[in-house]
Every structure is written in structure tokens, then in C-alpha cells.
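Undergrad: Dropping a structure here in C-alpha cells format, bear with me for questions.
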Amino acid sequence: MEQEYKKVYDNAMNNVLLELFLPEDKNFITKTKVFLSEIKELDTKLNISDKLSKNIYFICSEMIQAVVHNGVFSNDLFTNCVKLCHFDNKFYLISQNLAHNSKMERINMKFLEVNSCFDSADSKEEIQTRYKHKLKNTPMAKRGVSVGVLDLARRSMNKLLYSFKPVNDQYSIFSIICTVENE
């Protein structure tokens, strides 16, 4: 997974369409609105369907929420961000945020669980079944990472690539790449 992540990440970083930096002061509401409105305009700029544009918009919104709610804000170490990239007729949505090392094992387990859906003969059905089960059987306050990650996989219909890059004994940069095929 690490080699695949690195290859996709390197190609994506050479093909960034939009990026949103989420600074420590958390005063990013205006920037977020501009970023999301630029995504809404992708259908005309890149000649893609409205459906694809809306899907990208939703995934970016979900990633921004995840960074805001789960990221650690410390510009001295790292500035959290969400990026939209395009190459090989695919869109790559990348979120990167600083996270506590103590949470890495739990996050890794959630991603392994979600990505295991793609081992099924009918991955679309498997993801949908797990998603509905989580929504129905998990209390609202505890849904967090599980439902959000399942939703990213459900919307993209691709395995989620992810990486943890240690910064120090306390924090790592947690990166997610969500791939969306152009129709």
C-alpha cells in the first residue's frame, strides 16, 4: 500500500487543480467557501458531468470536516490541507492533517476494515451494506471515523490510500487519497 500511495501522491502533487490550507487560527470559513465554490465550477471548466462535480464536492466537504474535527492545528509543525488533483483521467482528493500518534493504530484499523470491502466480489454492495449497518447500529455520537471513511469509499468506489508520516514523538501527518474515476 505504501508504494502505491507514494506513486499516486507524487503524480497528484504534480497536477494540483485546487488547494485549501486550514491554518491554526481556524479562521478558514471564507477560504473553504471559495474552495467549494470553485469545485462547483469544475463541470464547466473541465467539461465533466454535474454528477461527477457533485460527487467531488461531497468528498471534499467530507474531507474538510474530518480535518477540522480530527486534525491537530499547529502551524509550527504542519498546516492541514485538502487538495484536488487530476491526472490519468482521474481525480485525486487528498487531505492531510496533523494527528496524535496515539490514534494511529485505531485509524489504521478503520481504514483496513473499509478497504476490505473491495476484496468482495460485489464491493459496491458490500460497502453499501456496511454503511447502512453502521448508520443503523452505531450511536450518533460514536459514528465519527467509521461512517465518514465508509462514505468516502462508497462515493469513490475505490480503495482509500493513506499514510502516516511521523513528525515527532507526539504527532504524525495523516494523509488520505480518495480516487474518483472520470466518467
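Chain identifiers are assigned as A, B, and so on, following the order in which chains appear in the C-alpha cells; residues are numbered from 1 within each chain, and ligands are numbered from 1 in order of appearance.
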May I have the residues within 12 Å of A:Thr129 as a list of chain:residue names, using only C-alpha atoms and disregarding those fewer than 6 positions away in the same chain?

TA: A:Val114, A:Cys117, A:Ser120, A:Asp122, A:Ser123, A:Leu135, A:Lys136, A:Asn137, A:Val147, A:Leu150, A:Asp151, A:Arg154

Undergrad: Stretch 8-102 of chain A: which residues are strand (DSSP E or B) by DSSP, as a VMD selection string?

TA: chain A and resid 16 to 22 72 74 78 80 to 87 90 to 100

Undergrad: Tell me, as JSON, numbers by chain, which residues lie within 10 Å of A:Leu42, counting only C-alpha atoms; anything in the same chain fewer than 5 positions away does not count.

TA: {"A": [17, 37, 47, 48, 49, 50, 52, 53, 54, 56, 57]}

Undergrad: Given the selection you just returned, output its residues as a file containing C-alpha atoms, formatted as a PDB file, in the first residue's frame.

TA:
```
ATOM      1  CA  LEU A  17      -6.055  21.907  -9.505  1.00  0.00           C
ATOM      2  CA  SER A  37     -17.497  27.105  -4.995  1.00  0.00           C
ATOM      3  CA  ASN A  47     -16.220  19.557 -19.185  1.00  0.00           C
ATOM      4  CA  ILE A  48     -17.268  16.946 -16.639  1.00  0.00           C
ATOM      5  CA  SER A  49     -20.771  15.909 -15.670  1.00  0.00           C
ATOM      6  CA  ASP A  50     -22.740  17.659 -12.987  1.00  0.00           C
ATOM      7  CA  LEU A  52     -19.190  13.908 -11.061  1.00  0.00           C
ATOM      8  CA  SER A  53     -18.743  17.516  -9.948  1.00  0.00           C
ATOM      9  CA  LYS A  54     -21.250  16.996  -7.114  1.00  0.00           C
ATOM     10  CA  ILE A  56     -16.140  15.547  -5.888  1.00  0.00           C
ATOM     11  CA  TYR A  57     -17.767  18.399  -3.964  1.00  0.00           C
TER      12      TYR A  57
END
```

Undergrad: Of the candidates A:Gln3, A:Asn55, A:Ser61, A:Thr32, which shows the shortest atom-to-atom distance to A:Gly148, using only C-alpha atoms?

TA: A:Ser61

Undergrad: I'd like the contact shell of A:Glu105 - 12 Å cut-off, only C-alpha atoms, skipping same-chain residues fewer than 6 positions apart - returned as a ChimeraX atom specification.

TA: /A:99,111-112,163-164,172,174

Undergrad: Residues of stretch 20-177 of chain A classed as alpha helix (DSSP H) by DSSP on the backbone are to be reported as number ranges by chain.

TA: A: 29-40, 42-45, 50-70, 104-115, 123-137, 144-156

Undergrad: I'd like the neighbourhood of A:Lys33 as a PyMOL selection string, where a residue qualifies if any of its atoms comes within 12 Å (using only C-alpha atoms), though same-chain residues fewer than 3 positions away should be ignored.

TA: chain A and resi 20+27-30+36-40+57+60-61+64

Undergrad: If we count only C-alpha atoms, what is near A:Gly71 at a cut-off of 9 Å, once residues fewer than 2 positions away on the same chain are taken out, given as a ChimeraX atom specification?

TA: /A:66-69,73,80,96-100,174

Undergrad: Measuring atom to atom with only C-alpha atoms, identify which of A:Lys159, A:Lys103, A:Lys6, A:Lys134 is nearest to A:Val72.

TA: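 The closest residue to A:Val72 is A:Lys103.
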
Undergrad: So that I can see what lies close to A:His86, please list as a list in words the residues with an atom at most 8 Å from it, counting only C-alpha atoms and leaving out residues fewer than 4 positions away in the same chain.

TA: Ala12, Asn15, Val16, Leu17, Lys90, Phe91 and Tyr92 of chain A

Undergrad: How would the residues just chosen look if you wrote them out with C-alpha atoms as a PDB file, in the first residue's frame?

TA:
```
ATOM      1  CA  ALA A  12      -1.087  14.056  -7.832  1.00  0.00           C
ATOM      2  CA  ASN A  15      -1.203  18.012 -11.011  1.00  0.00           C
ATOM      3  CA  VAL A  16      -2.923  20.104  -8.322  1.00  0.00           C
ATOM      4  CA  LEU A  17      -6.055  21.907  -9.505  1.00  0.00           C
ATOM      5  CA  LYS A  90      -8.984  10.520 -12.604  1.00  0.00           C
ATOM      6  CA  PHE A  91      -9.471  12.969  -9.768  1.00  0.00           C
ATOM      7  CA  TYR A  92      -7.458  12.583  -6.593  1.00  0.00           C
TER       8      TYR A  92
END
```
